[in-house]
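Visitor: Just work35.cif, nothing more (mmCIF, C-alpha atoms, pLDDT in the B column; chains and numbers go by the auth columns):
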```
data_upload
loop_
_atom_site.group_PDB
_atom_site.id
_atom_site.type_symbol
_atom_site.label_atom_id
_atom_site.label_comp_id
_atom_site.label_asym_id
_atom_site.label_seq_id
_atom_site.Cartn_x
_atom_site.Cartn_y
_atom_site.Cartn_z
_atom_site.B_iso_or_equiv
_atom_site.auth_seq_id
_atom_site.auth_asym_id
ATOM 1 C CA MET A 1 -23.669 17.929 -82.306 66.00 111 A
ATOM 2 C CA LYS A 2 -21.140 16.513 -84.779 63.00 112 A
ATOM 3 C CA SER A 3 -22.862 13.121 -84.753 63.00 113 A
ATOM 4 C CA ARG A 4 -26.240 14.721 -85.506 62.00 114 A
ATOM 5 C CA ILE A 5 -24.806 16.513 -88.548 62.00 115 A
ATOM 6 C CA LEU A 6 -23.209 13.290 -89.783 53.00 116 A
ATOM 7 C CA LEU A 7 -26.492 11.445 -89.181 54.00 117 A
ATOM 8 C CA LEU A 8 -28.436 14.084 -91.153 52.00 118 A
ATOM 9 C CA ILE A 9 -25.926 13.964 -94.025 59.00 119 A
ATOM 10 C CA GLY A 10 -26.109 10.155 -94.074 53.00 120 A
ATOM 11 C CA LEU A 11 -29.916 10.245 -94.032 53.00 121 A
ATOM 12 C CA PHE A 12 -29.959 12.790 -96.863 52.00 122 A
ATOM 13 C CA LEU A 13 -27.596 10.657 -98.968 50.00 123 A
ATOM 14 C CA ALA A 14 -29.662 7.525 -98.307 55.00 124 A
ATOM 15 C CA ILE A 15 -32.921 9.255 -99.325 58.00 125 A
ATOM 16 C CA THR A 16 -31.269 10.676 -102.448 54.00 126 A
ATOM 17 C CA ALA A 17 -29.920 7.234 -103.439 55.00 127 A
ATOM 18 C CA ILE A 18 -33.306 5.554 -102.883 58.00 128 A
ATOM 19 C CA PHE A 19 -35.086 8.258 -104.908 55.00 129 A
ATOM 20 C CA PHE A 20 -32.553 7.958 -107.752 57.00 130 A
ATOM 21 C CA LEU A 21 -32.821 4.165 -107.898 53.00 131 A
ATOM 22 C CA TYR A 22 -36.633 4.243 -107.718 53.00 132 A
ATOM 23 C CA THR A 23 -37.064 6.790 -110.510 46.00 133 A
ATOM 24 C CA ARG A 24 -34.430 5.074 -112.650 43.00 134 A
ATOM 25 C CA SER A 25 -36.139 1.668 -112.392 42.00 135 A
ATOM 26 C CA ASN A 26 -39.540 3.149 -113.261 43.00 136 A
ATOM 27 C CA ARG A 27 -38.420 4.855 -116.466 41.00 137 A
ATOM 28 C CA VAL A 28 -40.012 3.522 -119.608 47.00 138 A
ATOM 29 C CA THR A 29 -37.800 3.277 -122.644 47.00 139 A
ATOM 30 C CA ALA A 30 -39.695 3.871 -125.866 53.00 140 A
ATOM 31 C CA GLU A 31 -39.249 1.057 -128.343 67.00 141 A
ATOM 32 C CA VAL A 32 -39.958 1.424 -132.016 68.00 142 A
ATOM 33 C CA GLU A 33 -43.223 -0.307 -132.896 77.00 143 A
ATOM 34 C CA ILE A 34 -43.053 0.227 -136.673 85.00 144 A
ATOM 35 C CA TYR A 35 -40.543 -1.408 -139.020 82.00 145 A
ATOM 36 C CA ALA A 36 -39.980 -1.581 -142.764 90.00 146 A
ATOM 37 C CA SER A 37 -38.276 -3.728 -145.338 91.00 147 A
ATOM 38 C CA PRO A 38 -35.029 -2.371 -146.797 92.00 148 A
ATOM 39 C CA ILE A 39 -35.515 0.581 -149.109 94.00 149 A
ATOM 40 C CA GLN A 40 -33.815 0.538 -152.503 95.00 150 A
ATOM 41 C CA ALA A 41 -33.636 3.276 -155.119 95.00 151 A
ATOM 42 C CA GLY A 42 -31.669 4.353 -158.172 96.00 152 A
ATOM 43 C CA CYS A 43 -31.358 7.343 -160.479 96.00 153 A
ATOM 44 C CA TYR A 44 -31.643 7.454 -164.265 94.00 154 A
ATOM 45 C CA ILE A 45 -31.924 9.953 -167.111 93.00 155 A
ATOM 46 C CA ALA A 46 -35.512 10.133 -168.393 90.00 156 A
ATOM 47 C CA ALA A 47 -34.810 12.816 -171.032 88.00 157 A
ATOM 48 C CA SER A 48 -32.247 15.487 -171.741 86.00 158 A
ATOM 49 C CA ASN A 49 -31.535 17.254 -168.416 85.00 159 A
ATOM 50 C CA ASP A 50 -34.331 15.240 -166.758 90.00 160 A
ATOM 51 C CA CYS A 51 -33.129 12.829 -164.080 94.00 161 A
ATOM 52 C CA ARG A 52 -35.469 10.674 -162.003 95.00 162 A
ATOM 53 C CA VAL A 53 -35.061 8.705 -158.785 95.00 163 A
ATOM 54 C CA HIS A 54 -36.840 5.334 -158.912 95.00 164 A
ATOM 55 C CA VAL A 55 -37.904 3.820 -155.568 94.00 165 A
ATOM 56 C CA ASP A 56 -38.461 0.049 -155.455 93.00 166 A
ATOM 57 C CA PRO A 57 -41.529 -1.307 -153.630 92.00 167 A
ATOM 58 C CA PHE A 58 -41.189 -1.652 -149.862 93.00 168 A
ATOM 59 C CA THR A 59 -43.227 -3.021 -146.961 93.00 169 A
ATOM 60 C CA ILE A 60 -44.110 -1.393 -143.651 92.00 170 A
ATOM 61 C CA ASN A 61 -44.773 -3.673 -140.676 90.00 171 A
ATOM 62 C CA LEU A 62 -47.157 -2.341 -138.040 88.00 172 A
ATOM 63 C CA ALA A 63 -47.173 -3.695 -134.496 84.00 173 A
ATOM 64 C CA ALA A 64 -50.228 -5.437 -133.108 83.00 174 A
ATOM 65 C CA ASN A 65 -52.832 -2.923 -131.880 83.00 175 A
ATOM 66 C CA SER A 66 -51.320 -0.056 -133.859 86.00 176 A
ATOM 67 C CA ARG A 67 -52.404 1.920 -136.889 87.00 177 A
ATOM 68 C CA LEU A 68 -50.337 3.759 -139.464 89.00 178 A
ATOM 69 C CA VAL A 69 -50.160 7.499 -138.722 91.00 179 A
ATOM 70 C CA PHE A 70 -48.034 8.375 -141.771 92.00 180 A
ATOM 71 C CA PHE A 71 -45.036 7.494 -143.873 94.00 181 A
ATOM 72 C CA GLN A 72 -42.963 9.654 -146.169 95.00 182 A
ATOM 73 C CA LEU A 73 -40.032 9.423 -148.516 95.00 183 A
ATOM 74 C CA VAL A 74 -37.425 12.136 -148.079 97.00 184 A
ATOM 75 C CA SER A 75 -34.624 12.855 -150.539 96.00 185 A
ATOM 76 C CA ILE A 76 -31.404 14.118 -148.987 96.00 186 A
ATOM 77 C CA GLU A 77 -28.934 15.814 -151.305 95.00 187 A
ATOM 78 C CA THR A 78 -25.625 14.552 -149.925 93.00 188 A
ATOM 79 C CA GLY A 79 -23.551 17.545 -151.000 88.00 189 A
ATOM 80 C CA SER A 80 -25.689 20.195 -149.321 93.00 190 A
ATOM 81 C CA GLY A 81 -27.774 18.151 -146.880 92.00 191 A
ATOM 82 C CA THR A 82 -30.943 19.653 -148.353 94.00 192 A
ATOM 83 C CA GLN A 83 -33.933 17.489 -147.434 96.00 193 A
ATOM 84 C CA THR A 84 -37.098 17.387 -149.522 95.00 194 A
ATOM 85 C CA VAL A 85 -40.230 15.372 -148.809 96.00 195 A
ATOM 86 C CA ILE A 86 -40.977 13.698 -152.141 93.00 196 A
ATOM 87 C CA TYR A 87 -43.885 11.504 -151.005 93.00 197 A
ATOM 88 C CA ASP A 88 -46.148 11.952 -147.990 93.00 198 A
ATOM 89 C CA PHE A 89 -48.937 9.472 -147.153 90.00 199 A
ATOM 90 C CA ARG A 90 -51.358 10.159 -144.314 89.00 200 A
ATOM 91 C CA PRO A 91 -54.488 8.071 -143.951 86.00 201 A
ATOM 92 C CA ASP A 92 -57.877 9.788 -144.007 83.00 202 A
ATOM 93 C CA GLN A 93 -61.421 8.839 -145.028 80.00 203 A
ATOM 94 C CA SER A 94 -60.488 8.548 -148.697 80.00 204 A
ATOM 95 C CA ASN A 95 -57.252 6.694 -147.890 72.00 205 A
ATOM 96 C CA PRO A 96 -58.256 4.402 -145.021 73.00 206 A
ATOM 97 C CA VAL A 97 -55.796 3.275 -142.394 70.00 207 A
ATOM 98 C CA PRO A 98 -54.396 -0.215 -143.019 65.00 208 A
ATOM 99 C CA LEU A 99 -55.580 -3.002 -140.772 64.00 209 A
ATOM 100 C CA ILE A 100 -54.346 -2.980 -137.192 70.00 210 A
ATOM 101 C CA GLY A 101 -51.043 -4.803 -136.816 71.00 211 A
ATOM 102 C CA SER A 102 -50.774 -5.508 -140.516 81.00 212 A
ATOM 103 C CA THR A 103 -48.054 -5.581 -143.105 85.00 213 A
ATOM 104 C CA TYR A 104 -48.619 -2.697 -145.506 85.00 214 A
ATOM 105 C CA SER A 105 -47.109 -2.462 -149.003 86.00 215 A
ATOM 106 C CA PRO A 106 -48.052 0.929 -150.412 85.00 216 A
ATOM 107 C CA SER A 107 -48.721 1.436 -154.074 82.00 217 A
ATOM 108 C CA LEU A 108 -47.111 4.808 -154.647 75.00 218 A
ATOM 109 C CA VAL A 109 -48.839 7.343 -156.865 75.00 219 A
ATOM 110 C CA ALA A 110 -45.444 7.726 -158.526 73.00 220 A
ATOM 111 C CA GLN A 111 -42.334 5.617 -158.081 71.00 221 A
ATOM 112 C CA ASP A 112 -40.107 7.988 -159.985 90.00 222 A
ATOM 113 C CA PHE A 113 -39.345 11.377 -158.492 93.00 223 A
ATOM 114 C CA ALA A 114 -37.621 14.426 -160.004 93.00 224 A
ATOM 115 C CA ALA A 115 -33.901 14.798 -159.316 94.00 225 A
ATOM 116 C CA THR A 116 -31.095 17.041 -160.505 93.00 226 A
ATOM 117 C CA CYS A 117 -28.704 15.396 -162.929 93.00 227 A
ATOM 118 C CA GLY A 118 -25.151 15.146 -161.575 94.00 228 A
ATOM 119 C CA LYS A 119 -26.242 15.341 -157.914 95.00 229 A
ATOM 120 C CA LYS A 120 -25.969 12.650 -155.242 96.00 230 A
ATOM 121 C CA TYR A 121 -28.884 11.636 -153.034 97.00 231 A
ATOM 122 C CA GLU A 122 -29.939 9.349 -150.227 97.00 232 A
ATOM 123 C CA ILE A 123 -33.588 8.378 -149.844 96.00 233 A
ATOM 124 C CA SER A 124 -35.000 8.033 -146.336 97.00 234 A
ATOM 125 C CA LEU A 125 -38.224 6.206 -145.455 96.00 235 A
ATOM 126 C CA GLN A 126 -39.755 7.743 -142.353 96.00 236 A
ATOM 127 C CA GLY A 127 -42.903 6.664 -140.574 93.00 237 A
ATOM 128 C CA GLN A 128 -44.974 6.566 -137.434 92.00 238 A
ATOM 129 C CA ASP A 129 -47.680 4.297 -136.074 89.00 239 A
ATOM 130 C CA SER A 130 -50.190 4.988 -133.315 88.00 240 A
ATOM 131 C CA LEU A 131 -47.997 3.377 -130.608 88.00 241 A
ATOM 132 C CA ASP A 132 -44.913 5.495 -131.334 87.00 242 A
ATOM 133 C CA PRO A 133 -44.607 9.016 -129.891 88.00 243 A
ATOM 134 C CA SER A 134 -42.852 10.395 -132.974 89.00 244 A
ATOM 135 C CA ALA A 135 -41.615 9.522 -136.448 91.00 245 A
ATOM 136 C CA PHE A 136 -38.701 7.153 -136.986 91.00 246 A
ATOM 137 C CA ASN A 137 -36.254 6.670 -139.822 94.00 247 A
ATOM 138 C CA LEU A 138 -37.307 3.239 -141.099 94.00 248 A
ATOM 139 C CA GLY A 139 -34.669 2.927 -143.792 94.00 249 A
ATOM 140 C CA LEU A 140 -32.024 4.803 -145.745 96.00 250 A
ATOM 141 C CA THR A 141 -30.520 4.019 -149.135 96.00 251 A
ATOM 142 C CA HIS A 142 -26.852 4.156 -149.923 95.00 252 A
ATOM 143 C CA GLU A 143 -25.740 7.257 -151.797 96.00 253 A
ATOM 144 C CA ILE A 144 -27.311 7.390 -155.266 96.00 254 A
ATOM 145 C CA THR A 145 -25.450 9.288 -157.978 95.00 255 A
ATOM 146 C CA CYS A 146 -27.580 10.725 -160.751 95.00 256 A
ATOM 147 C CA PRO A 147 -25.879 10.653 -164.153 93.00 257 A
ATOM 148 C CA SER A 148 -24.677 14.024 -165.412 88.00 258 A
ATOM 149 C CA SER A 149 -25.018 13.345 -169.145 74.00 259 A
ATOM 150 C CA VAL A 150 -26.736 11.060 -171.600 66.00 260 A
ATOM 151 C CA PRO A 151 -24.425 8.186 -172.633 62.00 261 A
#
```
Please go through the file and, once you have read it, give me the structure as structure tokens.
Guide:
Amino acid sequence: MKSRILLLIGLFLAITAIFFLYTRSNRVTAEVEIYASPIQAGCYIAASNDCRVHVDPFTINLAANSRLVFFQLVSIETGSGTQTVIYDFRPDQSNPVPLIGSTYSPSLVAQDFAATCGKKYEISLQGQDSLDPSAFNLGLTHEITCPSSVP
């Protein structure tokens, strides 16, 4: 009787180990299929109490056999963590999808975005292509300090 119980426990442990190893080896790890050049930005005073964040041109690299789903620029106020989408591009019939597997350099409608003078920001470039299950952070600037007064 004791040997049967030990045999059943051993069989159970063997089946559990085989199942664990099989499912672990068959897991697919998602790899990012979309990349971008470094993102650079700075803040300046455009007029009295009117600060602007300027974003330098950047490039998005799409993997072969993929299409751009969207990209967006998000400002993150570093003091409060408040996030604001300041630019959102999503292809449609009037804005066709870039070529499959291409390098895409967007021409932004505006490269300067409203900011609050005296605040600190980071700018995040986020995007997704048709091979990725969700959006990824493609780049993040260092902290940008907007001037608080006109020199």
Visitor: Once 8 Å is added on each side, what centre and edge lengths in Å to one decimal does the axis-aligned box around all listed atoms of segment 147-165 of chain A have, as JSON?
Guide:
```
{"center_x": -34.8, "center_y": 6.8, "center_z": -158.5, "size_x": 22.9, "size_y": 37.0, "size_z": 42.4}
```
Visitor: Please evaluate the PyMOL selection byres ((chain A and resi 237) around 7) against the displayed coordinates and give the resulting residues as an MDAnalysis selection string.
Guide: chainID A and resid 180:182 235:236 238:239 245:248
Visitor: Selected by the PyMOL selection byres ((chain A and resi 148) around 7) in the shown coordinates: which residues, as number ranges by chain?
Guide: A: 146-147, 149-150, 168, 249
Visitor: Which value, in Å to one decimal, gives the distance between atom CA of Ile155 of chain A and atom CA of Ala220 of chain A?
Guide: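 A separation of 16.2 Å between them.
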Visitor: Calculated over only C-alpha atoms, which of the candidates A:Leu172, A:Tyr154, A:Pro216, A:Phe199 has the smallest distance to Val184 of chain A?
Guide: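 Checking each candidate against Val184 of chain A, we get A:Phe199 as the closest.
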Visitor: Quick one: pull the distance between atom CA of Asn159 of chain A and atom CA of Thr226 of chain A, Å, one decimal.
Guide: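 Spanning atom CA of Asn159 of chain A to atom CA of Thr226 of chain A is a straight-line distance of 7.9 Å.
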Visitor: Suppose a student applies the PyMOL selection byres ((chain A and resi 254) around 12) to this structure; what residues should they get, written as a ChimeraX atom specification?
Guide: /A:150-154,161-165,185-189,225-234,250-253,255-257
Visitor: Could you write segment 172-202 of chain A as an mmCIF file, in the coordinates of the input, with N, CA and C atoms rebuilt where they are missing?
Guide:
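Wrote it out as rebuild.cif, contents follow:
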```cif
data_model
loop_
_atom_site.group_PDB
_atom_site.id
_atom_site.type_symbol
_atom_site.label_atom_id
_atom_site.label_comp_id
_atom_site.auth_asym_id
_atom_site.auth_seq_id
_atom_site.Cartn_x
_atom_site.Cartn_y
_atom_site.Cartn_z
ATOM 1 N N LEU A 172 -46.555 -3.017 -139.188
ATOM 2 C CA LEU A 172 -47.157 -2.341 -138.040
ATOM 3 C C LEU A 172 -47.287 -3.322 -136.881
ATOM 4 N N ALA A 173 -47.050 -2.856 -135.682
ATOM 5 C CA ALA A 173 -47.173 -3.695 -134.496
ATOM 6 C C ALA A 173 -48.646 -4.010 -134.234
ATOM 7 N N ALA A 174 -48.866 -5.092 -133.506
ATOM 8 C CA ALA A 174 -50.228 -5.437 -133.108
ATOM 9 C C ALA A 174 -50.824 -4.257 -132.340
ATOM 10 N N ASN A 175 -52.099 -4.013 -132.549
ATOM 11 C CA ASN A 175 -52.832 -2.923 -131.880
ATOM 12 C C ASN A 175 -52.362 -1.531 -132.272
ATOM 13 N N SER A 176 -51.724 -1.388 -133.414
ATOM 14 C CA SER A 176 -51.320 -0.056 -133.859
ATOM 15 C C SER A 176 -51.865 0.210 -135.256
ATOM 16 N N ARG A 177 -51.957 1.482 -135.565
ATOM 17 C CA ARG A 177 -52.404 1.920 -136.889
ATOM 18 C C ARG A 177 -51.344 2.852 -137.475
ATOM 19 N N LEU A 178 -51.277 2.880 -138.780
ATOM 20 C CA LEU A 178 -50.337 3.759 -139.464
ATOM 21 C C LEU A 178 -50.787 5.210 -139.307
ATOM 22 N N VAL A 179 -49.889 6.070 -138.826
ATOM 23 C CA VAL A 179 -50.160 7.499 -138.722
ATOM 24 C C VAL A 179 -49.728 8.170 -140.018
ATOM 25 N N PHE A 180 -48.512 7.865 -140.482
ATOM 26 C CA PHE A 180 -48.034 8.375 -141.771
ATOM 27 C C PHE A 180 -46.741 7.678 -142.149
ATOM 28 N N PHE A 181 -46.390 7.801 -143.425
ATOM 29 C CA PHE A 181 -45.036 7.494 -143.873
ATOM 30 C C PHE A 181 -44.697 8.498 -144.950
ATOM 31 N N GLN A 182 -43.411 8.748 -145.116
ATOM 32 C CA GLN A 182 -42.963 9.654 -146.169
ATOM 33 C C GLN A 182 -41.586 9.246 -146.663
ATOM 34 N N LEU A 183 -41.352 9.589 -147.914
ATOM 35 C CA LEU A 183 -40.032 9.423 -148.516
ATOM 36 C C LEU A 183 -39.393 10.801 -148.567
ATOM 37 N N VAL A 184 -38.147 10.871 -148.125
ATOM 38 C CA VAL A 184 -37.425 12.136 -148.079
ATOM 39 C C VAL A 184 -36.139 11.974 -148.869
ATOM 40 N N SER A 185 -35.902 12.874 -149.825
ATOM 41 C CA SER A 185 -34.624 12.855 -150.539
ATOM 42 C C SER A 185 -33.670 13.794 -149.806
ATOM 43 N N ILE A 186 -32.433 13.335 -149.667
ATOM 44 C CA ILE A 186 -31.404 14.118 -148.987
ATOM 45 C C ILE A 186 -30.256 14.308 -149.973
ATOM 46 N N GLU A 187 -30.044 15.533 -150.397
ATOM 47 C CA GLU A 187 -28.934 15.814 -151.305
ATOM 48 C C GLU A 187 -27.658 15.762 -150.470
ATOM 49 N N THR A 188 -26.768 14.799 -150.793
ATOM 50 C CA THR A 188 -25.625 14.552 -149.925
ATOM 51 C C THR A 188 -24.595 15.678 -149.940
ATOM 52 N N GLY A 189 -24.512 16.440 -150.975
ATOM 53 C CA GLY A 189 -23.551 17.545 -151.000
ATOM 54 C C GLY A 189 -23.949 18.687 -150.088
ATOM 55 N N SER A 190 -25.234 19.042 -150.095
ATOM 56 C CA SER A 190 -25.689 20.195 -149.321
ATOM 57 C C SER A 190 -26.471 19.809 -148.071
ATOM 58 N N GLY A 191 -26.950 18.573 -148.012
ATOM 59 C CA GLY A 191 -27.774 18.151 -146.880
ATOM 60 C C GLY A 191 -29.226 18.588 -147.004
ATOM 61 N N THR A 192 -29.568 19.194 -148.135
ATOM 62 C CA THR A 192 -30.943 19.653 -148.353
ATOM 63 C C THR A 192 -31.898 18.469 -148.349
ATOM 64 N N GLN A 193 -32.944 18.556 -147.522
ATOM 65 C CA GLN A 193 -33.933 17.489 -147.434
ATOM 66 C C GLN A 193 -35.241 17.953 -148.050
ATOM 67 N N THR A 194 -35.834 17.084 -148.866
ATOM 68 C CA THR A 194 -37.098 17.387 -149.522
ATOM 69 C C THR A 194 -38.028 16.201 -149.380
ATOM 70 N N VAL A 195 -39.222 16.435 -148.867
ATOM 71 C CA VAL A 195 -40.230 15.372 -148.809
ATOM 72 C C VAL A 195 -40.745 15.174 -150.227
ATOM 73 N N ILE A 196 -40.548 13.962 -150.767
ATOM 74 C CA ILE A 196 -40.977 13.698 -152.141
ATOM 75 C C ILE A 196 -42.255 12.866 -152.199
ATOM 76 N N TYR A 197 -42.634 12.262 -151.065
ATOM 77 C CA TYR A 197 -43.885 11.504 -151.005
ATOM 78 C C TYR A 197 -44.349 11.496 -149.557
ATOM 79 N N ASP A 198 -45.606 11.868 -149.344
ATOM 80 C CA ASP A 198 -46.148 11.952 -147.990
ATOM 81 C C ASP A 198 -47.519 11.292 -147.985
ATOM 82 N N PHE A 199 -47.656 10.185 -147.247
ATOM 83 C CA PHE A 199 -48.937 9.472 -147.153
ATOM 84 C C PHE A 199 -49.461 9.570 -145.735
ATOM 85 N N ARG A 200 -50.683 10.068 -145.603
ATOM 86 C CA ARG A 200 -51.358 10.159 -144.314
ATOM 87 C C ARG A 200 -52.779 9.657 -144.518
ATOM 88 N N PRO A 201 -53.148 8.618 -143.784
ATOM 89 C CA PRO A 201 -54.488 8.071 -143.951
ATOM 90 C C PRO A 201 -55.577 9.093 -143.592
ATOM 91 N N ASP A 202 -56.684 9.008 -144.324
ATOM 92 C CA ASP A 202 -57.877 9.788 -144.007
ATOM 93 C C ASP A 202 -59.075 8.982 -144.506
#
```
